[in-house]
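K.L.:
So here's query14.pdb, just PDB, C-alpha atoms:
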ATOM      1  CA  MET Q   1     -14.926   2.053   7.558
ATOM      2  CA  HIS Q   2     -13.493   5.473   6.695
ATOM      3  CA  LYS Q   3     -12.454   6.513   3.187
ATOM      4  CA  LEU Q   4      -9.153   8.380   3.134
ATOM      5  CA  HIS Q   5      -7.557  10.232   0.216
ATOM      6  CA  PHE Q   6      -3.956  11.315  -0.275
ATOM      7  CA  SER Q   7      -1.962  12.576  -3.240
ATOM      8  CA  ILE Q   8       1.440  13.873  -4.260
ATOM      9  CA  VAL Q   9       3.016  15.169  -7.463
ATOM     10  CA  ILE Q  10       6.318  13.552  -8.410
ATOM     11  CA  ASN Q  11       8.628  15.043 -11.021
ATOM     12  CA  LYS Q  12       9.032  11.842 -13.031
ATOM     13  CA  GLN Q  13       7.066   9.933 -15.648
ATOM     14  CA  LYS Q  14       4.392   7.553 -14.402
ATOM     15  CA  GLU Q  15       6.240   4.383 -15.484
ATOM     16  CA  HIS Q  16       9.190   5.356 -13.297
ATOM     17  CA  VAL Q  17       6.957   6.281 -10.349
ATOM     18  CA  TRP Q  18       4.980   3.021 -10.702
ATOM     19  CA  ASN Q  19       8.177   0.963 -10.706
ATOM     20  CA  THR Q  20       9.588   2.868  -7.724
ATOM     21  CA  MET Q  21       6.397   2.350  -5.763
ATOM     22  CA  LEU Q  22       6.000  -1.372  -6.461
ATOM     23  CA  ASP Q  23       9.546  -2.728  -6.818
ATOM     24  CA  ILE Q  24      10.322  -4.787  -3.706
ATOM     25  CA  ASP Q  25      13.581  -2.968  -2.910
ATOM     26  CA  THR Q  26      12.176   0.567  -3.104
ATOM     27  CA  TYR Q  27       8.816  -0.538  -1.672
ATOM     28  CA  ARG Q  28      10.605  -1.557   1.533
ATOM     29  CA  LEU Q  29      12.133   1.926   1.763
ATOM     30  CA  TRP Q  30       9.009   4.062   1.406
ATOM     31  CA  VAL Q  31       6.741   1.839   3.545
ATOM     32  CA  ASP Q  32       9.320   1.924   6.341
ATOM     33  CA  VAL Q  33       7.619   5.189   7.345
ATOM     34  CA  PHE Q  34       4.609   3.169   8.596
ATOM     35  CA  ALA Q  35       6.689   0.976  10.927
ATOM     36  CA  PRO Q  36      10.288   2.235  11.103
ATOM     37  CA  GLY Q  37      12.856  -0.546  11.154
ATOM     38  CA  ALA Q  38      10.228  -3.296  10.944
ATOM     39  CA  ASP Q  39      11.302  -4.609   7.516
ATOM     40  CA  SER Q  40       7.810  -4.246   6.051
ATOM     41  CA  HIS Q  41       7.569  -5.999   2.694
ATOM     42  CA  TYR Q  42       5.234  -7.962   0.481
ATOM     43  CA  VAL Q  43       5.097 -11.574  -0.630
ATOM     44  CA  GLY Q  44       3.383 -12.199  -3.954
ATOM     45  CA  ASP Q  45       3.201 -10.441  -7.268
ATOM     46  CA  TRP Q  46       1.208  -7.527  -8.565
ATOM     47  CA  SER Q  47      -0.790  -9.383 -11.247
ATOM     48  CA  LYS Q  48      -4.597  -9.207 -11.221
ATOM     49  CA  GLY Q  49      -6.109 -11.861  -8.976
ATOM     50  CA  SER Q  50      -2.837 -12.600  -7.157
ATOM     51  CA  LYS Q  51      -2.750 -13.138  -3.427
ATOM     52  CA  MET Q  52      -0.478 -10.679  -1.614
ATOM     53  CA  LEU Q  53       0.833 -10.644   1.924
ATOM     54  CA  PHE Q  54       1.834  -7.203   3.235
ATOM     55  CA  ILE Q  55       3.820  -8.212   6.296
ATOM     56  CA  ALA Q  56       6.540  -7.444   8.817
ATOM     57  CA  PRO Q  57       7.870  -9.303  11.842
ATOM     58  CA  ASP Q  58       5.964  -8.465  15.024
ATOM     59  CA  GLU Q  59       7.575  -8.031  18.448
ATOM     60  CA  LYS Q  60       7.862 -11.848  18.759
ATOM     61  CA  GLY Q  61       9.461 -12.173  15.307
ATOM     62  CA  LYS Q  62       6.320 -13.726  13.775
ATOM     63  CA  MET Q  63       5.042 -12.313  10.492
ATOM     64  CA  SER Q  64       1.946 -10.135  10.816
ATOM     65  CA  GLY Q  65       0.074  -7.815   8.487
ATOM     66  CA  MET Q  66      -2.546  -7.877   5.765
ATOM     67  CA  LEU Q  67      -3.820 -10.695   3.566
ATOM     68  CA  SER Q  68      -4.941  -9.209   0.279
ATOM     69  CA  ARG Q  69      -5.515  -9.812  -3.399
ATOM     70  CA  ILE Q  70      -4.930  -7.665  -6.446
ATOM     71  CA  ARG Q  71      -8.427  -6.706  -7.561
ATOM     72  CA  GLU Q  72      -7.432  -4.700 -10.647
ATOM     73  CA  LYS Q  73      -4.268  -3.736 -12.453
ATOM     74  CA  LEU Q  74      -3.886  -1.333 -15.354
ATOM     75  CA  PRO Q  75      -0.104  -1.010 -15.737
ATOM     76  CA  TYR Q  76       1.267   2.482 -15.032
ATOM     77  CA  GLN Q  77      -2.275   3.792 -14.429
ATOM     78  CA  TYR Q  78      -4.124   2.051 -11.612
ATOM     79  CA  ILE Q  79      -3.875  -0.752  -9.106
ATOM     80  CA  SER Q  80      -6.547  -1.855  -6.652
ATOM     81  CA  ILE Q  81      -5.817  -4.005  -3.610
ATOM     82  CA  GLU Q  82      -8.659  -5.697  -1.754
ATOM     83  CA  HIS Q  83      -7.980  -6.817   1.785
ATOM     84  CA  ILE Q  84      -9.395 -10.271   2.507
ATOM     85  CA  GLY Q  85      -8.031 -10.854   6.002
ATOM     86  CA  ILE Q  86      -4.967 -10.510   8.164
ATOM     87  CA  VAL Q  87      -1.745 -12.359   8.869
ATOM     88  CA  GLN Q  88      -1.136 -12.952  12.556
ATOM     89  CA  ASP Q  89       1.615 -15.034  14.142
ATOM     90  CA  GLY Q  90       2.636 -16.097  10.635
ATOM     91  CA  LYS Q  91      -0.809 -17.533   9.819
ATOM     92  CA  GLU Q  92      -3.430 -16.297   7.365
ATOM     93  CA  ASP Q  93      -6.718 -15.416   9.062
ATOM     94  CA  THR Q  94      -9.972 -14.640   7.260
ATOM     95  CA  SER Q  95     -12.484 -15.637   9.952
ATOM     96  CA  SER Q  96     -11.625 -13.956  13.275
ATOM     97  CA  LYS Q  97     -13.416 -10.810  14.418
ATOM     98  CA  GLU Q  98     -10.270  -8.736  13.753
ATOM     99  CA  ALA Q  99      -9.825 -10.203  10.259
ATOM    100  CA  LYS Q 100     -13.462  -9.605   9.326
ATOM    101  CA  LYS Q 101     -13.055  -5.885  10.103
ATOM    102  CA  TRP Q 102     -10.798  -5.637   7.032
ATOM    103  CA  VAL Q 103     -12.604  -7.922   4.576
ATOM    104  CA  GLY Q 104     -13.554  -5.911   1.497
ATOM    105  CA  ALA Q 105     -11.498  -2.851   2.414
ATOM    106  CA  LEU Q 106      -9.834  -1.346  -0.666
ATOM    107  CA  GLU Q 107      -6.539   0.408  -1.222
ATOM    108  CA  ASN Q 108      -6.362   2.031  -4.668
ATOM    109  CA  TYR Q 109      -3.473   3.796  -6.388
ATOM    110  CA  THR Q 110      -3.984   5.988  -9.446
ATOM    111  CA  PHE Q 111      -1.120   7.426 -11.518
ATOM    112  CA  LYS Q 112      -1.872  10.525 -13.644
ATOM    113  CA  GLU Q 113       0.889  11.955 -15.807
ATOM    114  CA  THR Q 114       0.930  15.518 -17.109
ATOM    115  CA  ASP Q 115       3.956  16.985 -18.916
ATOM    116  CA  GLY Q 116       6.394  14.477 -17.390
ATOM    117  CA  THR Q 117       5.155  14.786 -13.818
ATOM    118  CA  THR Q 118       2.988  12.184 -12.127
ATOM    119  CA  GLU Q 119       0.279  12.684  -9.571
ATOM    120  CA  VAL Q 120      -0.123   9.633  -7.335
ATOM    121  CA  LEU Q 121      -3.559   9.374  -5.754
ATOM    122  CA  VAL Q 122      -4.182   7.015  -2.855
ATOM    123  CA  ASP Q 123      -7.749   6.121  -1.901
ATOM    124  CA  MET Q 124      -8.189   3.687   0.938
ATOM    125  CA  ASP Q 125     -10.655   2.268   3.417
ATOM    126  CA  THR Q 126      -9.616   2.017   7.055
ATOM    127  CA  GLU Q 127     -10.976   1.117  10.449
ATOM    128  CA  ASP Q 128     -11.508   3.709  13.196
ATOM    129  CA  ASP Q 129      -8.480   2.443  15.115
ATOM    130  CA  TYR Q 130      -6.115   3.217  12.228
ATOM    131  CA  LYS Q 131      -7.604   6.399  10.757
ATOM    132  CA  GLU Q 132      -5.467   8.877  12.694
ATOM    133  CA  MET Q 133      -2.266   6.887  12.115
ATOM    134  CA  PHE Q 134      -2.869   6.746   8.361
ATOM    135  CA  GLN Q 135      -3.762  10.453   8.205
ATOM    136  CA  GLU Q 136      -0.458  11.250   9.862
ATOM    137  CA  THR Q 137       1.723   8.675   8.112
ATOM    138  CA  TRP Q 138       0.552   8.523   4.474
ATOM    139  CA  PRO Q 139       1.763  12.067   3.650
ATOM    140  CA  LYS Q 140       5.201  11.134   5.039
ATOM    141  CA  ALA Q 141       5.238   7.877   3.053
ATOM    142  CA  LEU Q 142       4.346   9.734  -0.150
ATOM    143  CA  LEU Q 143       7.143  12.248   0.488
ATOM    144  CA  LYS Q 144       9.554   9.319   0.875
ATOM    145  CA  LEU Q 145       8.252   7.810  -2.386
ATOM    146  CA  LYS Q 146       8.768  11.172  -4.097
ATOM    147  CA  GLU Q 147      12.324  11.389  -2.763
ATOM    148  CA  LEU Q 148      13.130   7.867  -4.002
ATOM    149  CA  ALA Q 149      11.539   8.387  -7.421
ATOM    150  CA  GLU Q 150      13.203  11.758  -8.060
ATOM    151  CA  ARG Q 151      16.750  10.560  -7.248
TER     152      ARG Q 151
END
Now, as a test, write the supplied structure out as structure tokens.
P.N.:
Amino acid sequence: MHKLHFSIVINKQKEHVWNTMLDIDTYRLWVDVFAPGADSHYVGDWSKGSKMLFIAPDEKGKMSGMLSRIREKLPYQYISIEHIGIVQDGKEDTSSKEAKKWVGALENYTFKETDGTTEVLVDMDTEDDYKEMFQETWPKALLKLKELAER
């Protein structure tokens, strides 16, 4: 597992940035950078302990993605997502070899406000196979989030 770190400063207060990042409508827009046109979205809610599915239709039209839970939530400050498996062909999977690669991986978001601007920090664990893709794509996704939040 690799630990990756990304950040961006957004010229808005942290409550606005938080809402832009997590609201389902704007979430779909900034995560589109990871899989353009795939209709990536989540199913669930952002409360501590909640199960979340981060999914999109695959090439066969079946939902695929990550099976996760909200590990911690401090509104407008911090949210931690723990991956507990994958979704493949529309089914939750926690026991296959591929699913076990992700069990325990974290994705953390920290929001730090200074004088009306917010720094968003992303800290995440990833597998070797996805490291390069995330290193290339996260900065673009954060720029899209910034664009949406500063409108």
K.L.:
Tell me which protein, DNA and RNA residues are within 8 Å of region 55-59 of chain Q, counting all atoms listed in the file, leaving out same-chain ones fewer than 6 positions away, and put them as number ranges by chain.
P.N.:
Q: 38-43, 65-66, 87, 89
K.L.:
Contacts of region 1-12 of chain Q at 12 Å or less, counting only C-alpha atoms, minus same-chain residues fewer than 3 places along, as a VMD selection string?
P.N.:
chain Q and resid 15 to 21 100 to 151
K.L.:
In Å, how far is it from CA of Arg69 (chain Q) to CA of Ile84 (chain Q)?
P.N.:
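According to the coordinates, CA of Arg69 (chain Q) and CA of Ile84 (chain Q) are separated by 7.1 Å.
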K.L.:
Residues within 8 Å of Gly90 (chain Q), please, as a ChimeraX atom specification. Count only C-alpha atoms; anything in the same chain fewer than 4 positions from it doesn't count.
P.N.:
/Q:62-64
K.L.:
How far is it from CA of Trp30 (chain Q) to CA of Asp93 (chain Q), in Å with one decimal?
P.N.:
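Taking CA of Trp30 (chain Q) as the start and CA of Asp93 (chain Q) as the end point, the length is 26.2 Å.
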K.L.:
Nearest to Gly44 (chain Q) among Q:Lys91, Q:Ile86, Q:Gly61, Q:Asp23, with distances taken over all atoms listed in the file: which residue is it?
P.N.:
Q:Asp23
K.L.:
Tell me, in Å to one decimal, how far CA of Pro75 (chain Q) is from CA of Gly49 (chain Q).
P.N.:
14.1 Å
K.L.:
Of the candidates Q:Gln88, Q:Ser50, Q:Thr94, Q:Gln77, which one gets nearest to Gln13 (chain Q) if we count all atoms listed in the file?
P.N.:
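Of Q:Gln88, Q:Ser50, Q:Thr94, Q:Gln77, the one nearest Gln13 (chain Q) is Q:Gln77, counting all atoms listed in the file.
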K.L.:
For Ser47 (chain Q), which of Q:Ala99, Q:Ile81, Q:Val33, Q:Ile24 is the closest residue, counting all atoms listed in the file?
P.N.:
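Looking only at the distances to Ser47 (chain Q), the closest residue turns out to be Q:Ile81.
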K.L.:
Please write N, CA, C and O atoms of region 20-40 of chain Q, from the structure given just now, as a PDB file, in the first residue's frame.
P.N.:
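What ended up in result06.pdb:
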ATOM      1  N   THR Q  20     -19.631  21.478  -1.242  1.00  0.00           N
ATOM      2  CA  THR Q  20     -19.372  21.278  -2.671  1.00  0.00           C
ATOM      3  C   THR Q  20     -18.748  19.910  -2.912  1.00  0.00           C
ATOM      4  O   THR Q  20     -19.109  19.203  -3.858  1.00  0.00           O
ATOM      5  N   MET Q  21     -17.842  19.524  -2.043  1.00  0.00           N
ATOM      6  CA  MET Q  21     -17.154  18.251  -2.213  1.00  0.00           C
ATOM      7  C   MET Q  21     -18.092  17.058  -1.999  1.00  0.00           C
ATOM      8  O   MET Q  21     -18.021  16.075  -2.736  1.00  0.00           O
ATOM      9  N   LEU Q  22     -18.986  17.136  -1.036  1.00  0.00           N
ATOM     10  CA  LEU Q  22     -19.766  15.971  -0.639  1.00  0.00           C
ATOM     11  C   LEU Q  22     -21.199  15.925  -1.153  1.00  0.00           C
ATOM     12  O   LEU Q  22     -21.823  14.861  -1.121  1.00  0.00           O
ATOM     13  N   ASP Q  23     -21.743  17.040  -1.611  1.00  0.00           N
ATOM     14  CA  ASP Q  23     -23.098  17.037  -2.156  1.00  0.00           C
ATOM     15  C   ASP Q  23     -23.140  16.146  -3.399  1.00  0.00           C
ATOM     16  O   ASP Q  23     -22.266  16.250  -4.266  1.00  0.00           O
ATOM     17  N   ILE Q  24     -24.143  15.302  -3.514  1.00  0.00           N
ATOM     18  CA  ILE Q  24     -24.185  14.321  -4.599  1.00  0.00           C
ATOM     19  C   ILE Q  24     -24.097  14.963  -5.987  1.00  0.00           C
ATOM     20  O   ILE Q  24     -23.418  14.434  -6.876  1.00  0.00           O
ATOM     21  N   ASP Q  25     -24.747  16.092  -6.195  1.00  0.00           N
ATOM     22  CA  ASP Q  25     -24.732  16.708  -7.526  1.00  0.00           C
ATOM     23  C   ASP Q  25     -23.354  17.238  -7.906  1.00  0.00           C
ATOM     24  O   ASP Q  25     -22.882  17.016  -9.026  1.00  0.00           O
ATOM     25  N   THR Q  26     -22.694  17.948  -6.991  1.00  0.00           N
ATOM     26  CA  THR Q  26     -21.358  18.463  -7.305  1.00  0.00           C
ATOM     27  C   THR Q  26     -20.292  17.374  -7.178  1.00  0.00           C
ATOM     28  O   THR Q  26     -19.290  17.404  -7.900  1.00  0.00           O
ATOM     29  N   TYR Q  27     -20.515  16.393  -6.308  1.00  0.00           N
ATOM     30  CA  TYR Q  27     -19.603  15.256  -6.209  1.00  0.00           C
ATOM     31  C   TYR Q  27     -19.453  14.580  -7.579  1.00  0.00           C
ATOM     32  O   TYR Q  27     -18.342  14.305  -8.028  1.00  0.00           O
ATOM     33  N   ARG Q  28     -20.586  14.335  -8.223  1.00  0.00           N
ATOM     34  CA  ARG Q  28     -20.564  13.685  -9.543  1.00  0.00           C
ATOM     35  C   ARG Q  28     -19.694  14.467 -10.534  1.00  0.00           C
ATOM     36  O   ARG Q  28     -19.033  13.873 -11.394  1.00  0.00           O
ATOM     37  N   LEU Q  29     -19.710  15.791 -10.419  1.00  0.00           N
ATOM     38  CA  LEU Q  29     -18.976  16.629 -11.366  1.00  0.00           C
ATOM     39  C   LEU Q  29     -17.470  16.569 -11.149  1.00  0.00           C
ATOM     40  O   LEU Q  29     -16.706  16.454 -12.116  1.00  0.00           O
ATOM     41  N   TRP Q  30     -17.007  16.677  -9.895  1.00  0.00           N
ATOM     42  CA  TRP Q  30     -15.556  16.690  -9.708  1.00  0.00           C
ATOM     43  C   TRP Q  30     -14.940  15.298  -9.799  1.00  0.00           C
ATOM     44  O   TRP Q  30     -13.810  15.157 -10.247  1.00  0.00           O
ATOM     45  N   VAL Q  31     -15.674  14.234  -9.440  1.00  0.00           N
ATOM     46  CA  VAL Q  31     -15.097  12.892  -9.566  1.00  0.00           C
ATOM     47  C   VAL Q  31     -15.147  12.370 -11.000  1.00  0.00           C
ATOM     48  O   VAL Q  31     -14.510  11.360 -11.297  1.00  0.00           O
ATOM     49  N   ASP Q  32     -15.847  13.063 -11.875  1.00  0.00           N
ATOM     50  CA  ASP Q  32     -15.886  12.673 -13.283  1.00  0.00           C
ATOM     51  C   ASP Q  32     -14.479  12.644 -13.880  1.00  0.00           C
ATOM     52  O   ASP Q  32     -14.228  11.916 -14.847  1.00  0.00           O
ATOM     53  N   VAL Q  33     -13.566  13.403 -13.295  1.00  0.00           N
ATOM     54  CA  VAL Q  33     -12.177  13.434 -13.763  1.00  0.00           C
ATOM     55  C   VAL Q  33     -11.539  12.040 -13.684  1.00  0.00           C
ATOM     56  O   VAL Q  33     -10.720  11.677 -14.525  1.00  0.00           O
ATOM     57  N   PHE Q  34     -11.935  11.226 -12.703  1.00  0.00           N
ATOM     58  CA  PHE Q  34     -11.352   9.894 -12.537  1.00  0.00           C
ATOM     59  C   PHE Q  34     -11.817   8.905 -13.611  1.00  0.00           C
ATOM     60  O   PHE Q  34     -11.070   8.007 -13.984  1.00  0.00           O
ATOM     61  N   ALA Q  35     -13.041   9.063 -14.074  1.00  0.00           N
ATOM     62  CA  ALA Q  35     -13.587   8.175 -15.109  1.00  0.00           C
ATOM     63  C   ALA Q  35     -14.579   8.989 -15.938  1.00  0.00           C
ATOM     64  O   ALA Q  35     -15.785   8.916 -15.722  1.00  0.00           O
ATOM     65  N   PRO Q  36     -14.075   9.798 -16.874  1.00  0.00           N
ATOM     66  CA  PRO Q  36     -14.928  10.706 -17.632  1.00  0.00           C
ATOM     67  C   PRO Q  36     -16.137  10.016 -18.262  1.00  0.00           C
ATOM     68  O   PRO Q  36     -16.009   8.968 -18.895  1.00  0.00           O
ATOM     69  N   GLY Q  37     -17.305  10.610 -18.009  1.00  0.00           N
ATOM     70  CA  GLY Q  37     -18.542  10.112 -18.587  1.00  0.00           C
ATOM     71  C   GLY Q  37     -19.104   8.858 -17.948  1.00  0.00           C
ATOM     72  O   GLY Q  37     -20.114   8.333 -18.397  1.00  0.00           O
ATOM     73  N   ALA Q  38     -18.483   8.368 -16.886  1.00  0.00           N
ATOM     74  CA  ALA Q  38     -18.898   7.093 -16.289  1.00  0.00           C
ATOM     75  C   ALA Q  38     -20.042   7.222 -15.294  1.00  0.00           C
ATOM     76  O   ALA Q  38     -20.534   6.228 -14.803  1.00  0.00           O
ATOM     77  N   ASP Q  39     -20.459   8.448 -14.971  1.00  0.00           N
ATOM     78  CA  ASP Q  39     -21.496   8.668 -13.967  1.00  0.00           C
ATOM     79  C   ASP Q  39     -21.104   8.094 -12.604  1.00  0.00           C
ATOM     80  O   ASP Q  39     -21.875   7.393 -11.956  1.00  0.00           O
ATOM     81  N   SER Q  40     -19.870   8.387 -12.176  1.00  0.00           N
ATOM     82  CA  SER Q  40     -19.427   7.987 -10.847  1.00  0.00           C
ATOM     83  C   SER Q  40     -20.263   8.713  -9.802  1.00  0.00           C
ATOM     84  O   SER Q  40     -20.527   9.907  -9.941  1.00  0.00           O
TER      85      SER Q  40
END
